[in-house]
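Data from final-v1.cif: mmCIF, C-alpha atoms
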```
data_work
#
loop_
_atom_site.group_PDB
_atom_site.id
_atom_site.type_symbol
_atom_site.label_atom_id
_atom_site.label_comp_id
_atom_site.auth_asym_id
_atom_site.auth_seq_id
_atom_site.Cartn_x
_atom_site.Cartn_y
_atom_site.Cartn_z
ATOM 1 C CA MET A 208 -147.296 98.361 19.190
ATOM 2 C CA GLN A 209 -144.705 95.650 19.084
ATOM 3 C CA SER A 210 -141.499 96.488 17.183
ATOM 4 C CA ARG A 211 -140.349 94.031 14.521
ATOM 5 C CA LYS A 212 -136.704 93.035 14.313
ATOM 6 C CA ILE A 213 -135.017 93.058 10.922
ATOM 7 C CA PRO A 214 -133.352 89.682 10.256
ATOM 8 C CA LYS A 215 -129.566 89.764 10.455
ATOM 9 C CA TYR A 216 -129.072 88.305 6.945
ATOM 10 C CA ILE A 217 -131.019 91.258 5.438
ATOM 11 C CA LEU A 218 -128.791 93.742 7.293
ATOM 12 C CA LEU A 219 -125.729 91.856 6.076
ATOM 13 C CA PHE A 220 -127.004 91.969 2.453
ATOM 14 C CA PHE A 221 -127.544 95.732 2.522
ATOM 15 C CA GLY A 222 -124.195 96.257 4.231
ATOM 16 C CA LEU A 223 -122.343 94.343 1.539
ATOM 17 C CA ALA A 224 -124.237 96.149 -1.228
ATOM 18 C CA ILE A 225 -123.226 99.542 0.173
ATOM 19 C CA PHE A 226 -119.613 98.368 0.594
ATOM 20 C CA PHE A 227 -119.232 97.142 -2.988
ATOM 21 C CA GLN A 228 -120.956 100.239 -4.364
ATOM 22 C CA ALA A 229 -118.468 102.417 -2.474
ATOM 23 C CA CYS A 230 -115.581 100.363 -3.856
ATOM 24 C CA GLU A 231 -116.820 100.416 -7.433
ATOM 25 C CA LYS A 232 -114.390 102.198 -9.744
ATOM 26 C CA GLU A 233 -114.661 102.851 -13.438
ATOM 27 C CA VAL A 234 -111.830 101.158 -15.361
ATOM 28 C CA ILE A 235 -111.143 102.337 -18.891
ATOM 29 C CA LEU A 236 -108.961 100.088 -21.025
ATOM 30 C CA ASP A 237 -107.285 101.744 -23.980
ATOM 31 C CA LEU A 238 -107.025 98.738 -26.247
ATOM 32 C CA ALA A 239 -105.998 100.752 -29.290
ATOM 33 C CA ASP A 240 -102.771 102.148 -27.877
ATOM 34 C CA ILE A 241 -100.771 98.978 -28.610
ATOM 35 C CA SER A 242 -100.926 99.681 -32.338
ATOM 36 C CA GLY A 243 -97.360 99.830 -33.638
ATOM 37 C CA ASN A 244 -95.828 99.398 -30.180
ATOM 38 C CA TYR A 245 -94.347 95.955 -30.738
ATOM 39 C CA VAL A 246 -92.578 94.025 -33.461
ATOM 40 C CA ILE A 247 -94.384 90.725 -34.055
ATOM 41 C CA VAL A 248 -92.107 87.900 -35.257
ATOM 42 C CA ASP A 249 -93.394 84.764 -36.993
ATOM 43 C CA ALA A 250 -90.332 82.565 -37.610
ATOM 44 C CA ASN A 251 -91.000 78.837 -38.021
ATOM 45 C CA ILE A 252 -88.048 77.227 -39.819
ATOM 46 C CA THR A 253 -88.191 73.567 -40.861
ATOM 47 C CA ASP A 254 -86.074 70.978 -42.651
ATOM 48 C CA GLY A 255 -89.009 70.192 -44.916
ATOM 49 C CA GLY A 256 -87.463 71.763 -48.012
ATOM 50 C CA GLY A 257 -88.278 74.837 -50.065
ATOM 51 C CA LEU A 258 -88.236 78.504 -49.119
ATOM 52 C CA GLN A 259 -88.208 79.334 -45.426
ATOM 53 C CA TRP A 260 -90.038 82.493 -44.346
ATOM 54 C CA ILE A 261 -89.797 84.960 -41.476
ATOM 55 C CA ASN A 262 -92.646 87.468 -41.171
ATOM 56 C CA LEU A 263 -92.251 90.804 -39.376
ATOM 57 C CA ASN A 264 -95.193 93.044 -38.544
ATOM 58 C CA LEU A 265 -96.034 95.759 -36.060
ATOM 59 C CA SER A 266 -98.700 95.125 -33.447
ATOM 60 C CA SER A 267 -102.189 96.233 -34.391
ATOM 61 C CA SER A 268 -105.022 97.657 -32.319
ATOM 62 C CA TYR A 269 -107.226 95.199 -30.427
ATOM 63 C CA TYR A 270 -110.099 96.333 -32.644
ATOM 64 C CA GLU A 271 -108.330 95.654 -35.941
ATOM 65 C CA VAL A 272 -108.649 92.363 -37.808
ATOM 66 C CA GLY A 273 -105.551 90.862 -39.431
ATOM 67 C CA ARG A 274 -101.881 91.721 -39.287
ATOM 68 C CA GLY A 275 -100.441 95.086 -38.381
ATOM 69 C CA GLU A 276 -98.245 97.183 -40.632
ATOM 70 C CA PRO A 277 -95.339 95.212 -42.195
ATOM 71 C CA VAL A 278 -91.799 95.841 -41.001
ATOM 72 C CA THR A 279 -89.763 96.576 -44.118
ATOM 73 C CA GLY A 280 -86.069 97.287 -44.653
ATOM 74 C CA ALA A 281 -84.960 95.019 -41.809
ATOM 75 C CA LYS A 282 -81.823 92.914 -41.684
ATOM 76 C CA VAL A 283 -82.631 89.300 -40.783
ATOM 77 C CA TRP A 284 -80.258 86.365 -40.405
ATOM 78 C CA ILE A 285 -79.787 83.064 -38.556
ATOM 79 C CA GLU A 286 -76.521 81.593 -37.256
ATOM 80 C CA ASP A 287 -75.654 78.115 -36.000
ATOM 81 C CA GLY A 288 -72.064 78.698 -34.878
ATOM 82 C CA GLU A 289 -70.699 77.557 -38.235
ATOM 83 C CA ASN A 290 -72.923 79.087 -40.889
ATOM 84 C CA THR A 291 -74.802 82.331 -41.409
ATOM 85 C CA PHE A 292 -78.065 82.330 -43.354
ATOM 86 C CA HIS A 293 -79.230 85.746 -44.554
ATOM 87 C CA PHE A 294 -82.917 86.291 -45.285
ATOM 88 C CA THR A 295 -83.865 88.463 -48.246
ATOM 89 C CA GLU A 296 -86.843 90.814 -48.179
ATOM 90 C CA TRP A 297 -89.659 89.795 -50.505
ATOM 91 C CA ASN A 298 -90.256 92.900 -52.584
ATOM 92 C CA ASN A 299 -93.980 92.722 -53.065
ATOM 93 C CA ASP A 300 -96.349 95.442 -51.875
ATOM 94 C CA SER A 301 -99.076 92.954 -50.987
ATOM 95 C CA LEU A 302 -96.663 90.717 -49.026
ATOM 96 C CA GLY A 303 -94.592 93.277 -47.156
ATOM 97 C CA GLY A 304 -92.610 92.277 -44.095
ATOM 98 C CA ARG A 305 -91.717 88.823 -45.461
ATOM 99 C CA TYR A 306 -88.098 87.617 -45.566
ATOM 100 C CA TYR A 307 -86.962 84.360 -47.180
ATOM 101 C CA ASN A 308 -83.999 81.993 -47.480
ATOM 102 C CA ASP A 309 -83.722 78.916 -49.715
ATOM 103 C CA GLU A 310 -80.618 77.293 -48.187
ATOM 104 C CA ILE A 311 -81.104 76.857 -44.447
ATOM 105 C CA THR A 312 -83.709 74.090 -44.780
ATOM 106 C CA TYR A 313 -81.070 71.725 -46.203
ATOM 107 C CA HIS A 314 -78.492 72.448 -43.472
ATOM 108 C CA LEU A 315 -80.548 71.942 -40.338
ATOM 109 C CA LYS A 316 -79.167 69.444 -37.837
ATOM 110 C CA GLU A 317 -79.245 68.854 -34.087
ATOM 111 C CA SER A 318 -77.861 72.201 -32.995
ATOM 112 C CA THR A 319 -78.852 75.552 -31.489
ATOM 113 C CA TYR A 320 -79.841 78.310 -33.911
ATOM 114 C CA TYR A 321 -79.765 82.048 -33.249
ATOM 115 C CA LEU A 322 -82.067 84.554 -34.929
ATOM 116 C CA TYR A 323 -80.965 88.181 -35.295
ATOM 117 C CA ILE A 324 -83.145 91.063 -36.483
ATOM 118 C CA GLU A 325 -82.178 94.696 -36.987
ATOM 119 C CA ALA A 326 -85.237 96.880 -37.587
ATOM 120 C CA ASP A 327 -85.929 100.589 -37.058
ATOM 121 C CA GLY A 328 -82.729 101.068 -35.064
ATOM 122 C CA LYS A 329 -83.485 98.186 -32.685
ATOM 123 C CA ASN A 330 -81.890 94.741 -32.327
ATOM 124 C CA PHE A 331 -83.927 91.644 -31.520
ATOM 125 C CA GLN A 332 -82.641 88.145 -30.814
ATOM 126 C CA ALA A 333 -83.958 84.657 -30.114
ATOM 127 C CA GLN A 334 -82.647 81.109 -30.073
ATOM 128 C CA SER A 335 -84.107 77.685 -30.789
ATOM 129 C CA GLN A 336 -82.792 74.139 -30.676
ATOM 130 C CA TRP A 337 -83.449 71.716 -33.537
ATOM 131 C CA ARG A 338 -84.715 68.405 -32.181
ATOM 132 C CA PRO A 339 -85.514 65.193 -34.090
ATOM 133 C CA VAL A 340 -89.058 64.023 -34.753
ATOM 134 C CA PRO A 341 -90.318 60.404 -34.863
ATOM 135 C CA VAL A 342 -90.904 58.674 -38.168
ATOM 136 C CA LEU A 343 -94.584 59.064 -39.012
ATOM 137 C CA ASP A 344 -95.317 55.462 -39.981
ATOM 138 C CA SER A 345 -98.800 55.964 -41.356
ATOM 139 C CA VAL A 346 -101.972 58.050 -41.365
ATOM 140 C CA THR A 347 -105.408 56.424 -41.205
ATOM 141 C CA LEU A 348 -109.056 57.502 -41.262
ATOM 142 C CA LYS A 349 -111.727 56.120 -38.963
ATOM 143 C CA ILE A 350 -115.342 57.145 -38.521
ATOM 144 C CA ASN A 351 -115.745 59.040 -35.262
ATOM 145 C CA PRO A 352 -117.524 56.859 -32.623
ATOM 146 C CA PHE A 353 -120.203 59.526 -32.013
ATOM 147 C CA SER A 354 -120.779 59.714 -35.747
ATOM 148 C CA GLU A 355 -121.233 55.934 -35.889
ATOM 149 C CA LEU A 356 -123.903 56.216 -33.184
ATOM 150 C CA GLY A 357 -125.757 58.808 -35.234
ATOM 151 C CA ILE A 358 -125.221 61.590 -32.702
ATOM 152 C CA PHE A 359 -123.874 63.877 -35.436
ATOM 153 C CA ASP A 360 -125.985 64.817 -38.438
ATOM 154 C CA ASP A 361 -122.913 64.519 -40.683
ATOM 155 C CA THR A 362 -120.312 61.776 -41.055
ATOM 156 C CA ILE A 363 -117.140 62.764 -39.202
ATOM 157 C CA TYR A 364 -113.785 61.041 -39.690
ATOM 158 C CA ASP A 365 -110.975 61.016 -37.137
ATOM 159 C CA VAL A 366 -107.479 61.333 -38.623
ATOM 160 C CA PHE A 367 -104.988 59.095 -36.777
ATOM 161 C CA ALA A 368 -101.196 59.435 -36.680
ATOM 162 C CA HIS A 369 -99.154 56.287 -36.005
ATOM 163 C CA PHE A 370 -95.551 56.569 -34.819
ATOM 164 C CA ARG A 371 -92.995 55.117 -32.415
ATOM 165 C CA GLU A 372 -92.146 57.623 -29.691
ATOM 166 C CA LEU A 373 -88.501 58.693 -29.309
ATOM 167 C CA PRO A 374 -86.542 57.509 -26.248
ATOM 168 C CA GLY A 375 -86.396 59.847 -23.271
ATOM 169 C CA ALA A 376 -88.784 62.512 -22.044
ATOM 170 C CA GLY A 377 -89.480 66.118 -22.875
ATOM 171 C CA ASP A 378 -90.565 65.863 -26.515
ATOM 172 C CA HIS A 379 -93.351 68.032 -27.913
ATOM 173 C CA TYR A 380 -94.966 67.951 -31.337
ATOM 174 C CA LEU A 381 -97.165 70.142 -33.508
ATOM 175 C CA PHE A 382 -99.415 68.776 -36.266
ATOM 176 C CA ASN A 383 -100.658 70.479 -39.424
ATOM 177 C CA MET A 384 -103.125 68.931 -41.843
ATOM 178 C CA PHE A 385 -103.365 69.294 -45.623
ATOM 179 C CA ILE A 386 -105.996 68.179 -48.122
ATOM 180 C CA ASN A 387 -104.506 67.873 -51.611
ATOM 181 C CA ASP A 388 -101.527 70.010 -50.522
ATOM 182 C CA SER A 389 -103.833 72.793 -49.301
ATOM 183 C CA LEU A 390 -103.195 73.690 -45.642
ATOM 184 C CA THR A 391 -106.369 73.300 -43.587
ATOM 185 C CA THR A 392 -104.780 74.462 -40.297
ATOM 186 C CA PRO A 393 -103.452 77.976 -41.047
ATOM 187 C CA ARG A 394 -104.269 79.599 -37.703
ATOM 188 C CA PRO A 395 -102.366 78.800 -34.481
ATOM 189 C CA THR A 396 -105.625 77.600 -32.940
ATOM 190 C CA ASP A 397 -106.208 75.164 -35.835
ATOM 191 C CA LYS A 398 -103.069 73.180 -35.095
ATOM 192 C CA SER A 399 -102.845 70.135 -32.827
ATOM 193 C CA LEU A 400 -100.334 69.782 -29.998
ATOM 194 C CA VAL A 401 -98.991 66.589 -28.453
ATOM 195 C CA SER A 402 -96.640 66.196 -25.487
ATOM 196 C CA ASP A 403 -94.838 62.916 -24.812
ATOM 197 C CA ILE A 404 -96.149 62.878 -21.240
ATOM 198 C CA ASN A 405 -98.005 59.569 -20.768
ATOM 199 C CA LEU A 406 -97.457 58.546 -24.392
ATOM 200 C CA GLU A 407 -96.981 54.844 -24.951
ATOM 201 C CA GLU A 408 -93.965 53.451 -26.782
ATOM 202 C CA TYR A 409 -96.042 53.105 -29.935
ATOM 203 C CA VAL A 410 -98.617 55.807 -30.529
ATOM 204 C CA SER A 411 -101.890 55.665 -32.468
ATOM 205 C CA PHE A 412 -103.359 59.054 -31.801
ATOM 206 C CA SER A 413 -106.392 60.905 -33.177
ATOM 207 C CA ILE A 414 -104.986 64.242 -34.339
ATOM 208 C CA LYS A 415 -107.767 65.994 -36.266
ATOM 209 C CA ASN A 416 -111.240 65.309 -37.605
ATOM 210 C CA ILE A 417 -112.822 65.977 -40.993
ATOM 211 C CA ASN A 418 -116.401 66.316 -42.112
ATOM 212 C CA LYS A 419 -117.211 64.020 -45.025
ATOM 213 C CA ARG A 420 -118.822 67.012 -46.744
ATOM 214 C CA ASP A 421 -115.334 68.531 -47.070
ATOM 215 C CA LEU A 422 -113.920 65.496 -48.870
ATOM 216 C CA GLU A 423 -114.127 64.153 -52.384
ATOM 217 C CA HIS A 424 -113.305 60.690 -53.651
ATOM 218 C CA ARG A 425 -109.519 60.100 -53.770
ATOM 219 C CA ASP A 426 -108.605 63.284 -51.912
ATOM 220 C CA VAL A 427 -105.122 63.056 -50.347
ATOM 221 C CA ILE A 428 -105.032 63.870 -46.614
ATOM 222 C CA THR A 429 -101.569 64.634 -45.242
ATOM 223 C CA LEU A 430 -100.408 65.083 -41.663
ATOM 224 C CA GLU A 431 -97.271 67.117 -41.027
ATOM 225 C CA MET A 432 -95.569 66.436 -37.683
ATOM 226 C CA ARG A 433 -93.065 68.970 -36.323
ATOM 227 C CA SER A 434 -90.739 68.820 -33.331
ATOM 228 C CA ILE A 435 -91.158 71.892 -31.130
ATOM 229 C CA SER A 436 -89.738 73.107 -27.829
ATOM 230 C CA GLU A 437 -91.617 73.077 -24.549
ATOM 231 C CA GLU A 438 -91.737 76.888 -24.739
ATOM 232 C CA ASN A 439 -93.303 76.757 -28.203
ATOM 233 C CA PHE A 440 -95.790 74.184 -26.897
ATOM 234 C CA GLU A 441 -96.766 76.635 -24.145
ATOM 235 C CA PHE A 442 -96.988 79.469 -26.694
ATOM 236 C CA TYR A 443 -99.616 77.630 -28.740
ATOM 237 C CA SER A 444 -101.413 76.324 -25.645
ATOM 238 C CA VAL A 445 -101.854 79.804 -24.147
ATOM 239 C CA PHE A 446 -102.850 81.177 -27.547
ATOM 240 C CA PHE A 447 -105.556 78.493 -27.773
ATOM 241 C CA PHE A 448 -106.976 79.038 -24.288
ATOM 242 C CA GLN A 449 -107.147 82.812 -24.724
ATOM 243 C CA THR A 450 -108.962 82.681 -28.044
ATOM 244 C CA ASP A 451 -110.900 79.529 -28.887
ATOM 245 C CA LEU A 452 -111.911 78.527 -25.375
ATOM 246 C CA SER A 453 -112.818 81.873 -23.863
ATOM 247 C CA GLY A 454 -114.068 83.609 -26.997
ATOM 248 C CA ASN A 455 -114.241 86.794 -24.957
ATOM 249 C CA PRO A 456 -110.920 88.072 -23.536
ATOM 250 C CA PHE A 457 -112.840 89.766 -20.722
ATOM 251 C CA ALA A 458 -114.584 86.568 -19.623
ATOM 252 C CA GLY A 459 -113.142 84.587 -16.745
ATOM 253 C CA ALA A 460 -109.656 85.257 -15.449
ATOM 254 C CA PRO A 461 -107.574 88.117 -16.870
ATOM 255 C CA PRO A 462 -105.584 86.944 -19.912
ATOM 256 C CA ALA A 463 -101.951 86.069 -19.272
ATOM 257 C CA ASN A 464 -99.157 87.269 -21.498
ATOM 258 C CA ILE A 465 -98.622 84.916 -24.417
ATOM 259 C CA PRO A 466 -95.077 83.481 -24.087
ATOM 260 C CA THR A 467 -92.320 84.619 -26.422
ATOM 261 C CA ASN A 468 -88.634 83.785 -26.827
ATOM 262 C CA MET A 469 -87.852 87.106 -28.515
ATOM 263 C CA SER A 470 -85.694 89.699 -26.741
ATOM 264 C CA GLU A 471 -86.052 93.468 -26.347
ATOM 265 C CA GLY A 472 -89.832 93.510 -26.112
ATOM 266 C CA ALA A 473 -90.590 91.870 -29.467
ATOM 267 C CA LYS A 474 -93.480 89.393 -29.517
ATOM 268 C CA GLY A 475 -94.017 86.140 -31.379
ATOM 269 C CA PHE A 476 -91.807 83.067 -31.558
ATOM 270 C CA PHE A 477 -88.728 81.618 -33.259
ATOM 271 C CA GLN A 478 -88.814 77.839 -33.711
ATOM 272 C CA VAL A 479 -86.558 75.483 -35.673
ATOM 273 C CA SER A 480 -88.203 72.111 -36.321
ATOM 274 C CA ALA A 481 -87.643 68.708 -37.839
ATOM 275 C CA VAL A 482 -90.581 67.622 -40.005
ATOM 276 C CA GLU A 483 -92.200 64.291 -40.885
ATOM 277 C CA ARG A 484 -95.114 63.811 -43.283
ATOM 278 C CA ASN A 485 -97.356 60.958 -44.336
ATOM 279 C CA SER A 486 -100.636 60.700 -46.222
ATOM 280 C CA VAL A 487 -103.756 58.658 -46.729
ATOM 281 C CA ILE A 488 -106.084 58.603 -49.753
ATOM 282 C CA TYR A 489 -109.771 58.999 -48.957
ATOM 283 C CA ILE A 490 -111.899 56.376 -50.688
ATOM 284 C CA ASP A 491 -115.601 57.149 -50.801
ATOM 285 C CA ARG A 492 -117.277 53.734 -50.568
ATOM 286 C CA GLU A 493 -120.450 55.181 -52.008
ATOM 287 C CA GLU A 494 -118.720 56.132 -55.271
#
```
Just give me the structure of the file as structure tokens.
Amino acid sequence: MQSRKIPKYILLFFGLAIFFQACEKEVILDLADISGNYVIVDANITDGGGLQWINLNLSSSYYEVGRGEPVTGAKVWIEDGENTFHFTEWNNDSLGGRYYNDEITYHLKESTYYLYIEADGKNFQAQSQWRPVPVLDSVTLKINPFSELGIFDDTIYDVFAHFRELPGAGDHYLFNMFINDSLTTPRPTDKSLVSDINLEEYVSFSIKNINKRDLEHRDVITLEMRSISEENFEFYSVFFFQTDLSGNPFAGAPPANIPTNMSEGAKGFFQVSAVERNSVIYIDREE
């Protein structure tokens, strides 16, 4: 009886299967043990007027939705080398961990600002440089090209910002959008980021889009343009890629640490920004 040889590729397959089975190791991730381990700082200060807020919370478990426990009783202030701006705790049980100041917004100029926080016996620091922002000449609406072709079931409008880019390189901008003074981009992943890399001298740039179903005749659409640092740009970029794009933090490559400019193990970001705003009124031609 003639013996039959087993093909080499079958032997290789079984060899690899045995190897990987031997190397398999159960990995248990305790995603709840970060609860309360870190102070989370949300400190975006602008020259746009009104109260300026700094929010302090403790980190929450991976499985929890929303903010962690508020950090109360902290001392919070900002210095610019000439002035000190103290932030007062907002005494409201439903808004714990919020600290405000109503003066700093009117004193911001091209300078470096230093944030100091004393909380639970620990000291945290960060710094941010105020940089100018271009004049936002106008905001316009235009029907999205795919919408014009009938590819979308609904009518979609692109919201364009028009501005003259500042001289030099290294500028980064963040855009918020409002409809009738109501913020439509509250989450970090809702916001739009623009770097001056490859920007032309005069910019007409599609920033956001809006479904016609979300608009009413004579609604006011406002774009808010903020100057941000390169580090803050990276902060929002990483935040976006780890949430909106992947959806699942265990899919693809392991998530990288989200950047922070806070010291002593605190998370979050401190940013001082110049702000420009402009608006357009939506006119429903079918009205």
Exercise: Trp297 in chain A partners within 8 Å, all atoms listed in the file, chain neighbours under 6 positions left out, as a list of chain:residue names:
A:Gly303, A:Gly304, A:Arg305, A:Tyr306, A:Tyr307
Set out as a Markdown table a contact list for range 394-487 of chain A and range 247-260 of chain A with a cut-off of 6 Å, giving each residue of range 394-487 of chain A that qualifies its closest atom pair and distance in Å to one decimal, counting all atoms listed in the file, ordered by chain and rising residue number.
```
| residue | atom | partner | partner_atom | distance |
| --- | --- | --- | --- | --- |
| A:Lys474 | CA | A:Ile247 | CA | 4.8 |
| A:Gly475 | CA | A:Val248 | CA | 4.7 |
| A:Phe476 | CA | A:Asp249 | CA | 5.9 |
| A:Phe477 | CA | A:Ala250 | CA | 4.7 |
| A:Gln478 | CA | A:Asn251 | CA | 4.9 |
| A:Val479 | CA | A:Ile252 | CA | 4.7 |
| A:Ser480 | CA | A:Thr253 | CA | 4.8 |
| A:Ala481 | CA | A:Asp254 | CA | 5.5 |
| A:Val482 | CA | A:Gly255 | CA | 5.8 |
```
Write a file of the just-selected residues containing C-alpha atoms, as a PDB file, in the coordinates of the input.
```pdb
ATOM      1  CA  LYS A 474     -93.480  89.393 -29.517  1.00  0.00           C
ATOM      2  CA  GLY A 475     -94.017  86.140 -31.379  1.00  0.00           C
ATOM      3  CA  PHE A 476     -91.807  83.067 -31.558  1.00  0.00           C
ATOM      4  CA  PHE A 477     -88.728  81.618 -33.259  1.00  0.00           C
ATOM      5  CA  GLN A 478     -88.814  77.839 -33.711  1.00  0.00           C
ATOM      6  CA  VAL A 479     -86.558  75.483 -35.673  1.00  0.00           C
ATOM      7  CA  SER A 480     -88.203  72.111 -36.321  1.00  0.00           C
ATOM      8  CA  ALA A 481     -87.643  68.708 -37.839  1.00  0.00           C
ATOM      9  CA  VAL A 482     -90.581  67.622 -40.005  1.00  0.00           C
TER      10      VAL A 482
END
```
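Closest to Glu437 in chain A among A:Asn468, A:Ser266, A:Ser411, A:Thr312 is A:Asn468, based on all atoms listed in the file.
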Please evaluate the PyMOL selection byres ((chain A and resi 280) around 8) against the displayed coordinates and give the resulting residues as a PDB file with C-alpha atoms, in the frame of the given file.
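Wrote it out as out-v3.pdb, contents follow:
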```pdb
ATOM      1  CA  VAL A 278     -91.799  95.841 -41.001  1.00  0.00           C
ATOM      2  CA  THR A 279     -89.763  96.576 -44.118  1.00  0.00           C
ATOM      3  CA  ALA A 281     -84.960  95.019 -41.809  1.00  0.00           C
ATOM      4  CA  LYS A 282     -81.823  92.914 -41.684  1.00  0.00           C
ATOM      5  CA  GLU A 296     -86.843  90.814 -48.179  1.00  0.00           C
ATOM      6  CA  ALA A 326     -85.237  96.880 -37.587  1.00  0.00           C
TER       7      ALA A 326
END
```
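With only C-alpha atoms taken into account, every residue lying no more than 8 Å from the file point (-108.1, 71.3, -40.1) is included here: Asn383, Met384, Phe385, Leu390, Thr391, Thr392, Asp397, Lys398, Lys415, Asn416 and Ile417 of chain A.
Residues in contact with Val427 in chain A at up to 6 Å, not including ones fewer than 5 positions away on its chain and judged by only C-alpha atoms, are Ile386, Asn387, Val487 and Ile488 of chain A.
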Got a sec to resolve the PyMOL selection byres ((chain A and resi 290) around 12) on this structure and send the residues as a ChimeraX atom specification?
/A:284-289,291-293,310-311,314-316,318-321
Using only C-alpha atoms, which of the listed residues (A:Asp403, A:Asp491, A:Pro277, A:Arg425) sits closest to Asn298 in chain A?
A:Pro277
Given the PyMOL selection byres ((chain A and resi 348) around 7), the residues it picks as an MDAnalysis selection string:
chainID A and resid 347 349:350 364:367
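Residue nearest Met432 in chain A within the list A:Ser345, A:Thr396, A:Thr362, A:Asn405: A:Ser345 [criterion: smallest interatomic distance, only C-alpha atoms].
In this comparison, which uses only C-alpha atoms, the residue of A:Tyr323, A:Ile435, A:Arg420, A:Asp378 approaching Gln336 in chain A most closely is A:Ile435.
The closest residue to Lys329 in chain A, picked from A:Thr467, A:Pro352, A:Ser434, A:Val246 and counting all atoms listed in the file, is A:Val246.
Relative to CA of Ile428 in chain A, CA of Glu493 in chain A is found at 18.5 Å.
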